[in-house]
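Chemist: Let me begin by handing over the structure; questions about it come next.
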Amino acid sequence: MIEKTLVILKPCTVQRALIGEILQRFERKGLRLAGMKMMQLTDEVLSEHYAHLSEKPFFQRVKDSMMTSPVVVCCLEGVDAIQAVRALAGPTNGRLAAPGTIRGDYSMSFQENIVHTSDSPETAALELSRFFAPEEIFHYEQATFPYLYACDEY
């Protein structure tokens, strides 16, 4: 099933000039970029986005980190996109992530771990609506689509 998912390229990615390199990893896998914009996150948005961490001792530190510079928010699309993006990203802790994953190749941190990725279809829908207006997510025919999937996969 074709899914849409959110990826946030975190401030550490922006500051380390890895935006293009990280996006290229997702595109080379075959995920389609359906929306993208740079934005400065606010405490209000981050309190909502990370509400599930509000009782954790590191909650404020995570929010502060996410406000140190702009981020790039992306909507990626593909068959089983949520699972594919999370597999490419690797585990949250960059020190434990296998080489070949984004975090395994670019992160030594639990927090400064390059990307945020949605973890389920429900979360992806909620997160995409938090960061994108409907008209900011685009549908277009990708010329390579028939070469990415078998005709019965989507």
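Residue numbering restarts at 1 in every chain; chains get A, B, ... in the order shown in the structure tokens, and ligands count up from 1 in that same order.
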Tell me, as a PDB file with C-alpha atoms, in the first residue's frame, which residues lie within 12 Å of A:Ala150, counting only C-alpha atoms; anything in the same chain fewer than 5 positions away does not count.
Modeler:
```pdb
ATOM      1  CA  VAL A  79       4.791   1.418  -0.835  1.00  0.00           C
ATOM      2  CA  THR A 144      10.463   5.831 -12.702  1.00  0.00           C
ATOM      3  CA  PHE A 145       7.428   4.451 -10.828  1.00  0.00           C
TER       4      PHE A 145
END
```
Chemist: Extract, using only C-alpha atoms, all DNA, RNA and protein residues at most 10 Å from A:Ile137, discarding same-chain residues fewer than 4 positions from it, and format them as a compact mmCIF listing (two decimals) with all heavy atoms, in the first residue's frame.
Modeler:
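That gives us part-v4.txt:
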```
# COMPACT_ATOMS: atom_id res chain seq x y z
N LYS A 4 2.18 7.79 2.93
CA LYS A 4 2.93 9.03 3.09
C LYS A 4 3.46 9.05 4.52
O LYS A 4 2.80 8.59 5.44
CB LYS A 4 2.02 10.24 2.88
CG LYS A 4 1.59 10.45 1.44
CD LYS A 4 0.71 11.69 1.36
CE LYS A 4 0.35 12.03 -0.07
NZ LYS A 4 -0.46 11.03 -0.73
N LEU A 33 9.49 12.26 -3.09
CA LEU A 33 9.33 13.48 -2.31
C LEU A 33 8.02 14.14 -2.73
O LEU A 33 7.86 14.55 -3.88
CB LEU A 33 10.52 14.40 -2.55
CG LEU A 33 10.63 15.64 -1.68
CD1 LEU A 33 10.77 15.25 -0.20
CD2 LEU A 33 11.83 16.47 -2.11
N ALA A 34 7.07 14.24 -1.79
CA ALA A 34 5.76 14.81 -2.09
C ALA A 34 5.58 16.20 -1.50
O ALA A 34 4.66 16.92 -1.85
CB ALA A 34 4.66 13.88 -1.57
N GLY A 35 6.47 16.59 -0.59
CA GLY A 35 6.42 17.92 0.01
C GLY A 35 7.69 18.17 0.79
O GLY A 35 8.26 17.25 1.36
N MET A 36 8.12 19.44 0.80
CA MET A 36 9.34 19.78 1.53
C MET A 36 9.36 21.27 1.80
O MET A 36 9.01 22.08 0.93
CB MET A 36 10.58 19.40 0.72
CG MET A 36 11.89 19.67 1.43
SD MET A 36 13.33 19.03 0.54
CE MET A 36 13.50 20.25 -0.75
N CYS A 74 9.80 17.01 5.49
CA CYS A 74 9.57 16.36 4.20
C CYS A 74 8.41 15.39 4.32
O CYS A 74 8.25 14.71 5.34
CB CYS A 74 10.79 15.55 3.78
SG CYS A 74 12.32 16.47 3.72
N CYS A 75 7.64 15.29 3.26
CA CYS A 75 6.64 14.24 3.10
C CYS A 75 7.19 13.30 2.04
O CYS A 75 7.43 13.71 0.90
CB CYS A 75 5.30 14.82 2.66
SG CYS A 75 4.07 13.55 2.28
N LEU A 76 7.43 12.06 2.45
CA LEU A 76 7.91 11.04 1.52
C LEU A 76 6.80 10.03 1.28
O LEU A 76 5.99 9.76 2.18
CB LEU A 76 9.15 10.34 2.07
CG LEU A 76 10.38 11.23 2.24
CD1 LEU A 76 11.49 10.47 2.93
CD2 LEU A 76 10.85 11.76 0.91
N LEU A 128 2.00 14.80 9.59
CA LEU A 128 1.95 15.52 8.31
C LEU A 128 0.99 16.69 8.38
O LEU A 128 1.29 17.78 7.88
CB LEU A 128 1.58 14.56 7.18
CG LEU A 128 2.70 13.60 6.76
CD1 LEU A 128 2.15 12.49 5.87
CD2 LEU A 128 3.83 14.35 6.06
N SER A 129 -0.16 16.51 9.03
CA SER A 129 -1.12 17.61 9.14
C SER A 129 -0.61 18.71 10.07
O SER A 129 -1.03 19.86 9.95
CB SER A 129 -2.48 17.09 9.62
OG SER A 129 -2.42 16.67 10.96
N PHE A 132 2.25 20.37 7.43
CA PHE A 132 1.91 20.72 6.05
C PHE A 132 0.43 21.04 5.92
O PHE A 132 -0.41 20.33 6.47
CB PHE A 132 2.21 19.55 5.10
CG PHE A 132 3.66 19.28 4.88
CD1 PHE A 132 4.32 18.29 5.60
CD2 PHE A 132 4.39 19.99 3.93
CE1 PHE A 132 5.66 18.02 5.40
CE2 PHE A 132 5.73 19.73 3.72
CZ PHE A 132 6.37 18.75 4.45
N ALA A 133 0.13 22.08 5.16
CA ALA A 133 -1.25 22.32 4.71
C ALA A 133 -1.51 21.35 3.56
O ALA A 133 -0.56 20.94 2.87
CB ALA A 133 -1.40 23.76 4.24
```
Chemist: Near A:Phe59, within 12 Å and counting only C-alpha atoms, which residues show up once chain neighbours fewer than 4 positions away are dropped, as a ChimeraX atom specification?
Modeler: /A:43,46-55,63-66,111
Chemist: DSSP on the backbone, then: every residue of stretch 28-83 of chain A marked helix (DSSP H, G or I), written as an MDAnalysis selection string.
Modeler: chainID A and resid 28:29 43:49 51:53 59:66 81:83
Chemist: Leaving out A:Pro70 and any residue of its chain fewer than 5 positions from it, which residues lie within 8 Å of it when counting only C-alpha atoms, given as a ChimeraX atom specification?
Modeler: /A:10-11,14,38-41
Chemist: May I have the selected residues written with N, CA, C and O atoms, as a CSV table (one decimal), in the first residue's frame?
Modeler:
```csv
chain,number,residue,atom,x,y,z
A,10,LYS,N,16.8,17.2,11.1
A,10,LYS,CA,16.9,18.0,12.4
A,10,LYS,C,18.0,19.1,12.3
A,10,LYS,O,18.8,19.1,11.3
A,11,PRO,N,18.1,20.0,13.3
A,11,PRO,CA,19.1,21.0,13.2
A,11,PRO,C,20.5,20.5,13.0
A,11,PRO,O,21.3,21.1,12.3
A,14,VAL,N,21.0,20.1,9.4
A,14,VAL,CA,21.1,21.4,8.7
A,14,VAL,C,22.5,22.0,9.0
A,14,VAL,O,23.2,22.4,8.1
A,38,MET,N,11.5,24.3,4.6
A,38,MET,CA,12.4,24.7,5.7
A,38,MET,C,11.5,25.6,6.7
A,38,MET,O,10.8,26.4,6.2
A,39,MET,N,11.7,25.3,8.0
A,39,MET,CA,10.9,26.1,8.9
A,39,MET,C,11.7,26.1,10.3
A,39,MET,O,12.5,25.3,10.6
A,40,GLN,N,11.4,27.2,11.0
A,40,GLN,CA,11.9,27.3,12.4
A,40,GLN,C,10.8,26.8,13.3
A,40,GLN,O,9.7,27.3,13.3
A,41,LEU,N,11.1,25.7,14.1
A,41,LEU,CA,10.1,25.2,15.0
A,41,LEU,C,10.0,26.0,16.2
A,41,LEU,O,11.0,26.6,16.7
```
Chemist: To one decimal place, how far is atom CA of A:Phe110 from atom CA of A:Val72 in Å?
Modeler: 19.4 Å
Chemist: Can you tell me, as a ChimeraX atom specification, what residues are no more than 10 Å from A:Thr101 when counting only C-alpha atoms, ignoring any on the same chain fewer than 2 positions away?
Modeler: /A:25,86-91,94,97-99,103-107
Chemist: To one decimal in Å, tell me the separation between atom CA of A:Thr123 and atom CA of A:Tyr147.
Modeler: 29.1 Å
Chemist: Could you pull out the strand (DSSP E) residues of stretch 9-151 of chain A from DSSP and send them as a list in words?
Modeler: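 Taking stretch 9-151 of chain A and keeping strand (DSSP E) only, one gets Leu9, Arg32, Leu33, Ala34, Gly35, Met36, Lys37, Met38, Met39, Val71, Val72, Val73, Cys74, Cys75, Leu76, Glu77, Gly78, Val79, Val115, His116 and Thr117 of chain A.
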Chemist: List the spatial neighbours of A:Ala81 as JSON, numbers by chain - criterion: any atom at most 9 Å away, only C-alpha atoms, same-chain residues fewer than 4 positions off excluded.
Modeler: {"A": [1, 2, 3, 4, 5, 31, 76, 77, 85, 86]}
